[in-house]
file my_file06.cif (mmCIF, C-alpha atoms and all ligand atoms)
data_my_file
#
loop_
_atom_site.group_PDB
_atom_site.id
_atom_site.type_symbol
_atom_site.label_atom_id
_atom_site.label_comp_id
_atom_site.auth_asym_id
_atom_site.auth_seq_id
_atom_site.Cartn_x
_atom_site.Cartn_y
_atom_site.Cartn_z
ATOM 1 C CA MET A 1 81.937 -55.273 260.998
ATOM 2 C CA ASP A 2 80.319 -57.596 258.453
ATOM 3 C CA GLN A 3 78.194 -60.466 259.667
ATOM 4 C CA VAL A 4 79.760 -63.486 257.962
ATOM 5 C CA LEU A 5 77.609 -66.452 256.950
ATOM 6 C CA LEU A 6 78.680 -69.786 255.440
ATOM 7 C CA ILE A 7 75.955 -71.805 253.720
ATOM 8 C CA THR A 8 76.834 -75.341 252.673
ATOM 9 C CA GLY A 9 75.266 -76.533 249.424
ATOM 10 C CA ALA A 10 74.362 -73.018 248.330
ATOM 11 C CA SER A 11 74.822 -73.437 244.573
ATOM 12 C CA ARG A 12 71.238 -74.596 244.088
ATOM 13 C CA GLY A 13 67.853 -75.056 245.726
ATOM 14 C CA ILE A 14 67.224 -74.029 249.320
ATOM 15 C CA GLY A 15 70.854 -73.053 249.946
ATOM 16 C CA ALA A 16 70.972 -70.716 246.949
ATOM 17 C CA ALA A 17 67.667 -69.082 247.918
ATOM 18 C CA THR A 18 68.990 -68.584 251.455
ATOM 19 C CA ALA A 19 72.227 -67.051 250.151
ATOM 20 C CA LEU A 20 70.337 -64.503 248.047
ATOM 21 C CA GLN A 21 67.966 -63.557 250.880
ATOM 22 C CA ALA A 22 70.703 -63.360 253.526
ATOM 23 C CA ALA A 23 72.860 -61.155 251.284
ATOM 24 C CA ARG A 24 69.919 -58.775 250.848
ATOM 25 C CA ARG A 25 69.749 -58.563 254.655
ATOM 26 C CA GLY A 26 73.412 -57.545 254.788
ATOM 27 C CA TRP A 27 75.233 -60.799 255.437
ATOM 28 C CA ALA A 28 78.555 -61.411 253.688
ATOM 29 C CA VAL A 29 77.930 -64.896 252.311
ATOM 30 C CA ALA A 30 80.267 -67.804 251.585
ATOM 31 C CA VAL A 31 78.529 -69.976 248.972
ATOM 32 C CA ASN A 32 79.715 -73.572 249.342
ATOM 33 C CA TYR A 33 79.213 -76.161 246.625
ATOM 34 C CA ALA A 34 80.466 -79.684 245.906
ATOM 35 C CA SER A 35 80.943 -79.762 242.126
ATOM 36 C CA ASN A 36 78.622 -77.327 240.346
ATOM 37 C CA SER A 37 80.943 -74.314 240.179
ATOM 38 C CA LEU A 38 78.939 -72.625 237.421
ATOM 39 C CA ALA A 39 75.804 -72.579 239.556
ATOM 40 C CA ALA A 40 77.734 -71.314 242.610
ATOM 41 C CA ASP A 41 79.355 -68.582 240.487
ATOM 42 C CA GLU A 42 75.903 -67.506 239.318
ATOM 43 C CA VAL A 43 74.647 -67.161 242.923
ATOM 44 C CA VAL A 44 77.671 -65.013 243.781
ATOM 45 C CA ARG A 45 77.239 -62.952 240.608
ATOM 46 C CA SER A 46 73.596 -62.222 241.519
ATOM 47 C CA ILE A 47 74.552 -61.182 245.065
ATOM 48 C CA ARG A 48 77.315 -58.874 243.858
ATOM 49 C CA ALA A 49 75.076 -57.372 241.141
ATOM 50 C CA ALA A 50 72.672 -56.363 243.926
ATOM 51 C CA GLY A 51 75.511 -54.725 245.871
ATOM 52 C CA GLY A 52 76.148 -57.565 248.306
ATOM 53 C CA THR A 53 79.289 -59.441 249.336
ATOM 54 C CA ALA A 54 79.798 -63.106 248.477
ATOM 55 C CA ILE A 55 82.463 -65.661 247.582
ATOM 56 C CA THR A 56 82.342 -69.271 246.417
ATOM 57 C CA VAL A 57 83.995 -71.990 248.502
ATOM 58 C CA GLN A 58 84.275 -75.491 247.068
ATOM 59 C CA ALA A 59 84.313 -78.421 249.499
ATOM 60 C CA ASP A 60 82.739 -81.822 249.910
ATOM 61 C CA VAL A 61 81.308 -81.524 253.433
ATOM 62 C CA GLY A 62 81.890 -85.246 253.855
ATOM 63 C CA ASP A 63 85.660 -84.703 253.664
ATOM 64 C CA GLU A 64 87.183 -83.267 256.852
ATOM 65 C CA ALA A 65 90.303 -81.833 255.198
ATOM 66 C CA GLN A 66 88.189 -80.027 252.598
ATOM 67 C CA VAL A 67 85.902 -78.627 255.318
ATOM 68 C CA ILE A 68 88.879 -77.301 257.296
ATOM 69 C CA ALA A 69 90.324 -75.688 254.150
ATOM 70 C CA MET A 70 86.922 -74.150 253.384
ATOM 71 C CA PHE A 71 86.665 -72.509 256.817
ATOM 72 C CA GLU A 72 90.222 -71.186 256.488
ATOM 73 C CA LYS A 73 89.314 -69.617 253.144
ATOM 74 C CA VAL A 74 86.280 -67.954 254.718
ATOM 75 C CA ASP A 75 88.470 -66.649 257.577
ATOM 76 C CA ALA A 76 90.931 -65.179 255.093
ATOM 77 C CA LYS A 77 88.450 -63.685 252.629
ATOM 78 C CA LEU A 78 85.457 -62.603 254.726
ATOM 79 C CA GLY A 79 86.669 -62.554 258.345
ATOM 80 C CA ARG A 80 85.462 -64.303 261.475
ATOM 81 C CA LEU A 81 82.365 -66.420 260.912
ATOM 82 C CA THR A 82 79.178 -65.436 262.749
ATOM 83 C CA ALA A 83 76.672 -67.840 261.173
ATOM 84 C CA LEU A 84 76.500 -71.283 259.560
ATOM 85 C CA VAL A 85 73.671 -72.929 257.646
ATOM 86 C CA ASN A 86 74.262 -76.694 257.448
ATOM 87 C CA ASN A 87 72.216 -77.120 254.289
ATOM 88 C CA ALA A 88 74.203 -79.528 252.076
ATOM 89 C CA GLY A 89 72.413 -82.843 251.960
ATOM 90 C CA VAL A 90 71.809 -85.796 249.682
ATOM 91 C CA VAL A 91 69.197 -88.464 249.073
ATOM 92 C CA ASP A 92 69.739 -91.740 247.252
ATOM 93 C CA MET A 93 67.750 -93.957 244.898
ATOM 94 C CA GLN A 94 64.450 -95.316 246.157
ATOM 95 C CA ALA A 95 65.120 -98.534 248.103
ATOM 96 C CA ARG A 96 63.900 -100.577 251.058
ATOM 97 C CA VAL A 97 66.114 -101.074 254.099
ATOM 98 C CA ASP A 98 66.559 -104.750 253.157
ATOM 99 C CA GLN A 99 68.228 -103.575 249.928
ATOM 100 C CA MET A 100 70.655 -101.023 251.363
ATOM 101 C CA SER A 101 74.428 -101.538 251.090
ATOM 102 C CA VAL A 102 76.881 -100.347 253.721
ATOM 103 C CA ALA A 103 78.487 -98.143 251.037
ATOM 104 C CA ARG A 104 75.162 -96.358 250.564
ATOM 105 C CA LEU A 105 74.616 -95.940 254.317
ATOM 106 C CA GLU A 106 78.142 -94.634 254.844
ATOM 107 C CA ARG A 107 77.787 -92.012 252.082
ATOM 108 C CA MET A 108 74.424 -90.858 253.454
ATOM 109 C CA LEU A 109 75.639 -90.503 257.032
ATOM 110 C CA ARG A 110 79.033 -89.076 256.066
ATOM 111 C CA ILE A 111 77.543 -86.202 254.060
ATOM 112 C CA ASN A 112 74.290 -85.505 255.924
ATOM 113 C CA VAL A 113 75.375 -86.163 259.514
ATOM 114 C CA ILE A 114 79.170 -86.127 259.867
ATOM 115 C CA GLY A 115 79.414 -83.221 257.405
ATOM 116 C CA SER A 116 77.058 -81.161 259.575
ATOM 117 C CA PHE A 117 78.942 -82.095 262.760
ATOM 118 C CA VAL A 118 82.353 -81.152 261.349
ATOM 119 C CA CYS A 119 81.085 -77.855 259.897
ATOM 120 C CA ALA A 120 79.438 -77.031 263.235
ATOM 121 C CA ARG A 121 82.639 -77.931 265.065
ATOM 122 C CA GLU A 122 84.629 -75.494 262.944
ATOM 123 C CA ALA A 123 81.925 -72.839 263.368
ATOM 124 C CA VAL A 124 81.813 -73.202 267.170
ATOM 125 C CA ARG A 125 85.604 -72.848 267.302
ATOM 126 C CA ARG A 126 85.164 -69.432 265.671
ATOM 127 C CA MET A 127 81.928 -68.218 267.284
ATOM 128 C CA SER A 128 82.038 -69.415 270.881
ATOM 129 C CA THR A 129 82.916 -66.869 273.546
ATOM 130 C CA GLN A 130 84.994 -69.689 275.082
ATOM 131 C CA HIS A 131 87.170 -69.536 271.958
ATOM 132 C CA GLY A 132 87.389 -65.731 271.840
ATOM 133 C CA GLY A 133 84.458 -65.337 269.433
ATOM 134 C CA SER A 134 81.529 -62.992 269.803
ATOM 135 C CA GLY A 135 78.750 -65.565 269.415
ATOM 136 C CA GLY A 136 76.778 -66.658 266.410
ATOM 137 C CA VAL A 137 73.980 -68.762 265.037
ATOM 138 C CA ILE A 138 73.703 -72.155 263.360
ATOM 139 C CA VAL A 139 70.744 -73.454 261.356
ATOM 140 C CA ASN A 140 70.649 -77.151 260.429
ATOM 141 C CA LEU A 141 68.485 -78.547 257.634
ATOM 142 C CA SER A 142 66.385 -81.424 258.888
ATOM 143 C CA SER A 143 63.366 -82.727 256.959
ATOM 144 C CA ALA A 144 59.785 -83.765 257.574
ATOM 145 C CA ALA A 145 61.264 -87.185 256.757
ATOM 146 C CA ALA A 146 62.703 -87.200 260.297
ATOM 147 C CA ARG A 147 59.088 -87.518 261.520
ATOM 148 C CA LEU A 148 57.621 -89.500 258.610
ATOM 149 C CA GLY A 149 60.413 -92.085 258.138
ATOM 150 C CA SER A 150 60.247 -92.226 254.294
ATOM 151 C CA PRO A 151 59.266 -95.939 254.129
ATOM 152 C CA GLY A 152 60.009 -97.613 250.793
ATOM 153 C CA GLN A 153 61.892 -94.530 249.581
ATOM 154 C CA TYR A 154 64.878 -93.713 251.780
ATOM 155 C CA VAL A 155 64.674 -94.595 255.456
ATOM 156 C CA ASP A 156 68.437 -93.969 255.591
ATOM 157 C CA TYR A 157 67.876 -90.328 254.602
ATOM 158 C CA ALA A 158 65.052 -89.965 257.152
ATOM 159 C CA ALA A 159 67.287 -91.415 259.873
ATOM 160 C CA SER A 160 70.106 -89.027 258.916
ATOM 161 C CA LYS A 161 67.684 -86.146 259.477
ATOM 162 C CA GLY A 162 66.567 -87.679 262.780
ATOM 163 C CA ALA A 163 70.218 -87.525 263.798
ATOM 164 C CA ILE A 164 70.327 -83.857 262.747
ATOM 165 C CA GLU A 165 67.457 -83.103 265.126
ATOM 166 C CA SER A 166 69.150 -84.748 268.143
ATOM 167 C CA PHE A 167 72.367 -82.977 267.149
ATOM 168 C CA THR A 168 70.516 -79.654 267.058
ATOM 169 C CA VAL A 169 69.049 -80.090 270.555
ATOM 170 C CA GLY A 170 72.320 -81.273 272.069
ATOM 171 C CA LEU A 171 74.580 -78.688 270.470
ATOM 172 C CA ALA A 172 72.105 -75.907 271.268
ATOM 173 C CA LYS A 173 72.273 -76.752 274.987
ATOM 174 C CA GLU A 174 76.046 -77.200 274.866
ATOM 175 C CA VAL A 175 76.754 -73.714 273.484
ATOM 176 C CA ALA A 176 73.739 -71.694 274.669
ATOM 177 C CA GLY A 177 75.894 -70.062 277.355
ATOM 178 C CA GLU A 178 78.599 -69.212 274.794
ATOM 179 C CA GLY A 179 76.550 -66.822 272.648
ATOM 180 C CA ILE A 180 75.508 -69.374 270.016
ATOM 181 C CA ARG A 181 71.938 -70.284 269.033
ATOM 182 C CA VAL A 182 71.350 -73.563 267.172
ATOM 183 C CA ASN A 183 68.070 -74.457 265.468
ATOM 184 C CA ALA A 184 66.753 -76.696 262.710
ATOM 185 C CA VAL A 185 64.340 -76.168 259.856
ATOM 186 C CA ARG A 186 62.223 -79.114 258.780
ATOM 187 C CA PRO A 187 61.142 -78.621 255.127
ATOM 188 C CA GLY A 188 58.387 -80.705 253.558
ATOM 189 C CA LEU A 189 58.026 -81.278 249.815
ATOM 190 C CA ILE A 190 60.066 -78.489 248.266
ATOM 191 C CA ASP A 191 60.449 -77.952 244.535
ATOM 192 C CA THR A 192 64.223 -78.416 244.007
ATOM 193 C CA GLU A 193 66.543 -80.713 242.064
ATOM 194 C CA ILE A 194 67.091 -83.030 245.056
ATOM 195 C CA HIS A 195 64.212 -85.272 243.954
ATOM 196 C CA ALA A 196 65.772 -85.812 240.509
ATOM 197 C CA SER A 197 69.052 -86.744 242.195
ATOM 198 C CA GLY A 198 67.142 -89.587 243.888
ATOM 199 C CA GLY A 199 65.774 -90.734 240.507
ATOM 200 C CA LEU A 200 62.292 -89.241 241.116
ATOM 201 C CA PRO A 201 62.194 -85.830 239.394
ATOM 202 C CA ASP A 202 58.406 -85.522 239.829
ATOM 203 C CA ARG A 203 58.341 -86.760 243.442
ATOM 204 C CA ALA A 204 57.367 -83.457 245.032
ATOM 205 C CA PHE A 205 54.548 -82.810 242.559
ATOM 206 C CA GLN A 206 53.264 -86.391 242.726
ATOM 207 C CA LEU A 207 52.981 -86.188 246.510
ATOM 208 C CA ALA A 208 51.578 -82.648 246.558
ATOM 209 C CA ALA A 209 48.013 -83.935 247.002
ATOM 210 C CA THR A 210 49.050 -85.490 250.346
ATOM 211 C CA VAL A 211 50.017 -82.067 251.716
ATOM 212 C CA PRO A 212 47.233 -80.355 253.697
ATOM 213 C CA MET A 213 47.922 -77.154 251.717
ATOM 214 C CA LYS A 214 47.751 -79.245 248.485
ATOM 215 C CA ARG A 215 50.955 -77.902 246.972
ATOM 216 C CA THR A 216 54.720 -78.123 247.088
ATOM 217 C CA GLY A 217 56.755 -75.411 248.800
ATOM 218 C CA SER A 218 59.395 -73.232 247.172
ATOM 219 C CA ALA A 219 63.037 -72.874 248.123
ATOM 220 C CA ASP A 220 62.285 -69.253 248.990
ATOM 221 C CA GLU A 221 59.606 -70.276 251.477
ATOM 222 C CA VAL A 222 62.190 -72.400 253.328
ATOM 223 C CA ALA A 223 64.805 -69.627 253.056
ATOM 224 C CA ASN A 224 62.332 -67.242 254.723
ATOM 225 C CA ALA A 225 62.356 -69.453 257.820
ATOM 226 C CA ILE A 226 66.141 -69.882 257.778
ATOM 227 C CA VAL A 227 66.905 -66.165 257.553
ATOM 228 C CA TRP A 228 64.428 -65.470 260.343
ATOM 229 C CA LEU A 229 66.234 -67.994 262.582
ATOM 230 C CA LEU A 230 69.537 -66.312 261.629
ATOM 231 C CA SER A 231 68.187 -62.876 262.512
ATOM 232 C CA PRO A 232 68.069 -61.058 265.859
ATOM 233 C CA GLU A 233 64.277 -61.417 265.648
ATOM 234 C CA ALA A 234 64.865 -65.026 266.764
ATOM 235 C CA SER A 235 67.147 -63.986 269.631
ATOM 236 C CA TYR A 236 65.425 -66.177 272.272
ATOM 237 C CA VAL A 237 64.944 -69.198 269.973
ATOM 238 C CA THR A 238 67.354 -72.106 270.344
ATOM 239 C CA GLY A 239 67.264 -75.900 270.310
ATOM 240 C CA THR A 240 64.082 -76.145 268.283
ATOM 241 C CA ALA A 241 62.954 -77.312 264.825
ATOM 242 C CA LEU A 242 60.595 -75.279 262.672
ATOM 243 C CA ASP A 243 58.296 -77.118 260.242
ATOM 244 C CA VAL A 244 57.984 -75.571 256.778
ATOM 245 C CA THR A 245 55.735 -78.268 255.371
ATOM 246 C CA GLY A 246 52.357 -76.828 254.381
ATOM 247 C CA GLY A 247 50.919 -78.745 257.341
ATOM 248 C CA ARG A 248 52.326 -82.142 256.325
HETATM 249 P P1 LIG B 1 69.554 -79.694 246.063
HETATM 250 O O1 LIG B 1 69.796 -81.102 245.648
HETATM 251 O O2 LIG B 1 68.683 -78.822 245.216
HETATM 252 O O3 LIG B 1 70.944 -78.944 246.285
HETATM 253 C C1 LIG B 1 71.919 -79.601 247.032
HETATM 254 C C2 LIG B 1 73.047 -78.662 247.326
HETATM 255 O O4 LIG B 1 73.972 -79.346 248.189
HETATM 256 C C3 LIG B 1 73.827 -78.263 246.100
HETATM 257 O O5 LIG B 1 74.311 -76.946 246.289
HETATM 258 C C4 LIG B 1 74.992 -79.264 246.086
HETATM 259 O O6 LIG B 1 76.155 -78.760 245.446
HETATM 260 C C5 LIG B 1 75.240 -79.396 247.564
HETATM 261 N N1 LIG B 1 75.900 -80.630 247.959
HETATM 262 C C6 LIG B 1 75.528 -81.911 247.733
HETATM 263 N N2 LIG B 1 76.423 -82.766 248.265
HETATM 264 C C7 LIG B 1 77.377 -81.994 248.838
HETATM 265 C C8 LIG B 1 78.578 -82.281 249.525
HETATM 266 N N3 LIG B 1 78.968 -83.550 249.754
HETATM 267 N N4 LIG B 1 79.320 -81.243 249.970
HETATM 268 C C9 LIG B 1 78.943 -79.962 249.746
HETATM 269 N N5 LIG B 1 77.822 -79.631 249.104
HETATM 270 C C10 LIG B 1 77.053 -80.649 248.654
HETATM 271 O O7 LIG B 1 68.969 -79.779 247.571
HETATM 272 P P2 LIG B 1 67.774 -78.964 248.306
HETATM 273 O O8 LIG B 1 67.966 -77.523 248.158
HETATM 274 O O9 LIG B 1 66.483 -79.587 247.946
HETATM 275 O O10 LIG B 1 68.054 -79.410 249.828
HETATM 276 C C11 LIG B 1 68.819 -78.637 250.721
HETATM 277 C C12 LIG B 1 68.677 -79.256 252.099
HETATM 278 O O11 LIG B 1 67.287 -79.288 252.472
HETATM 279 C C13 LIG B 1 69.181 -80.696 252.194
HETATM 280 O O12 LIG B 1 69.812 -80.901 253.447
HETATM 281 C C14 LIG B 1 67.902 -81.509 252.103
HETATM 282 O O13 LIG B 1 68.026 -82.762 252.727
HETATM 283 C C15 LIG B 1 66.926 -80.606 252.840
HETATM 284 N N6 LIG B 1 65.533 -80.858 252.500
HETATM 285 C C16 LIG B 1 65.078 -80.699 251.219
HETATM 286 C C17 LIG B 1 63.753 -80.989 250.927
HETATM 287 C C18 LIG B 1 63.184 -80.869 249.558
HETATM 288 O O14 LIG B 1 62.031 -81.312 249.331
HETATM 289 N N7 LIG B 1 63.881 -80.281 248.600
HETATM 290 C C19 LIG B 1 62.829 -81.474 251.973
HETATM 291 C C20 LIG B 1 63.427 -81.589 253.256
HETATM 292 C C21 LIG B 1 64.725 -81.295 253.507
HETATM 293 P P3 LIG B 1 76.443 -78.976 243.841
HETATM 294 O O15 LIG B 1 75.524 -77.991 243.136
HETATM 295 O O16 LIG B 1 77.878 -78.659 243.671
HETATM 296 O O17 LIG B 1 76.079 -80.386 243.541
#

call {"tool": "encode", "arguments": {"input": "my_file06.cif", "output": "structure tokens"}}
result
Amino acid sequence: MDQVLLITGASRGIGAATALQAARRGWAVAVNYASNSLAADEVVRSIRAAGGTAITVQADVGDEAQVIAMFEKVDAKLGRLTALVNNAGVVDMQARVDQMSVARLERMLRINVIGSFVCAREAVRRMSTQHGGSGGVIVNLSSAAARLGSPGQYVDYAASKGAIESFTVGLAKEVAGEGIRVNAVRPGLIDTEIHASGGLPDRAFQLAATVPMKRTGSADEVANAIVWLLSPEASYVTGTALDVTGGR
């Protein structure tokens, strides 16, 4: 039976790198995206060209109905889910807390936090032995920002990742006896398009000198950690967060 993996936000960046690596390790991969269908199609094309199995699944993870429809499509096309990577995430424009609107805060928390909760809920309903599943694994994308706080840039984003870490610990304990492992990865400054989406395309490179290893990380370096946590090699690892930060 295929091991079935859904990765949210897998059209670009860390999610896309994880999709390509996981497919090489034999996972059938559902590549979720919000709007960039061309990029998601390209990830699936690359996986299939290498002999792997993949489909695209569009959904805004901040919209419950779309998330439910996405999981149903995965059920129908790939079979029962055995792994989820809660990778989709957004930043916003640089701002101080005293400048933040409720609309901004609601978008941040809806996508980064509620989106991860609802995807995990749907995954647990399929994986848990209490629900007739055969177990599984969930990896949540936190950020070094959860520790550093991102002052003057996006404290709201940092706080959303802090929530992801508490969520990871709590869910891990809740389902540890039901065959499901839950962990987080905490990337540092990674060279992806997320910085441009926050209006700071050169952010990672500008801050590279503050990293003990004096460089940014690549999406593949984060994907390496994610696929390890997904693998049986991490069979006794749950409820933890793994820094991939070059020492930052
Ligand atoms: P990118 O901005 O490069 O890619 C974001 C991905 O998420 C895209 O596939 C995008 O889809 C998708 N996405 C965005 N919003 C939604 C949504 N509402 N519903 C579904 N999918 C959505 O991000 P990164 O690869 O850099 O980041 C991935 C994760 O890693 C995020 O959770 C981020 O917070 C975290 N992280 C990143 C760091 C970095 O330095 N890059 C550092 C620490 C953590 P589409 O292409 O359709 O827009």

call {"tool": "resolve_selection", "arguments": {"input": "my_file06.cif", "expression": "the PyMOL selection byres (((chain A and resi 222-239) around 6) and not hetatm)", "output": "ChimeraX atom specification"}}
result
/A:17-18,168-169,172,181-183,219-221,240

call {"tool": "residues_near_ligand", "arguments": {"input": "my_file06.cif", "ligand": "ligand LIG 1 (chain B)", "cutoff": "8 Å", "atoms": "only C-alpha atoms and all ligand atoms", "output": "number ranges by chain"}}
result
A: 8-16, 32-37, 39-40, 58-63, 86-91, 111-112, 115, 140-145, 157, 161, 186-195, 197, 204, 217, 219

call {"tool": "atom_distance", "arguments": {"input": "my_file06.cif", "atom1": "atom CA of A:Gly162", "atom2": "atom CA of A:Arg147"}}
result
7.6 Å

call {"tool": "closest_residue", "arguments": {"input": "my_file06.cif", "among": "A:Asp156, A:Glu72, A:Glu122, A:Glu64", "to": "A:Ser101", "atoms": "only C-alpha atoms"}}
result
A:Asp156

call {"tool": "closest_residue", "arguments": {"input": "my_file06.cif", "among": "A:Val185, A:Ala176, A:Leu207, A:Ile7", "to": "A:Met127", "atoms": "all atoms listed in the file"}}
result
A:Ala176

call {"tool": "atom_distance", "arguments": {"input": "my_file06.cif", "atom1": "atom CA of A:Ile47", "atom2": "atom CA of A:Lys77"}}
result
16.0 Å

call {"tool": "closest_residue", "arguments": {"input": "my_file06.cif", "among": "A:Ile55, A:Leu5, A:Ala23, A:Val118", "to": "A:Ile68", "atoms": "all atoms listed in the file"}}
result
A:Val118

call {"tool": "closest_residue", "arguments": {"input": "my_file06.cif", "among": "A:Val102, A:Leu20, A:Val57, A:Ala83", "to": "A:Met70", "atoms": "all atoms listed in the file"}}
result
A:Val57

call {"tool": "residues_around", "arguments": {"input": "my_file06.cif", "residues": "A:Phe205", "least_positions_apart": "2", "cutoff": "9 Å", "atoms": "only C-alpha atoms", "output": "MDAnalysis selection string"}}
result
chainID A and resid 189 191 201:203 207:209 215:216

call {"tool": "resolve_selection", "arguments": {"input": "my_file06.cif", "expression": "the PyMOL selection byres (((chain A and resi 81) around 10) and not hetatm)", "output": "ChimeraX atom specification"}}
result
/A:2-6,28-30,71,74-75,78-80,82-84,122-127,133-137

call {"tool": "resolve_selection", "arguments": {"input": "my_file06.cif", "expression": "the PyMOL selection byres (((chain A and resi 51) around 12) and not hetatm)", "output": "PyMOL selection string"}}
result
chain A and resi 20+23-28+44-50+52-54

call {"tool": "atom_distance", "arguments": {"input": "my_file06.cif", "atom1": "atom CA of A:Arg104", "atom2": "atom CA of A:Thr56"}}
result
28.3 Å

call {"tool": "closest_residue", "arguments": {"input": "my_file06.cif", "among": "A:Gly198, A:Ile164, A:Ile138, A:Ala184", "to": "A:Ile114", "atoms": "all atoms listed in the file"}}
result
A:Ile164

call {"tool": "axis_aligned_box", "arguments": {"input": "my_file06.cif", "around": "stretch 103-111 of chain A", "padding_each_side": "5 Å", "output": "AutoDock Vina command-line options"}}
result
--center_x 76.7 --center_y -92.2 --center_z 253.8 --size_x 14.6 --size_y 21.9 --size_z 16.5

call {"tool": "closest_residue", "arguments": {"input": "my_file06.cif", "among": "A:Pro212, A:Gly152, A:Gly199, A:Gly246", "to": "A:Asp92", "atoms": "only C-alpha atoms"}}
result
A:Gly199
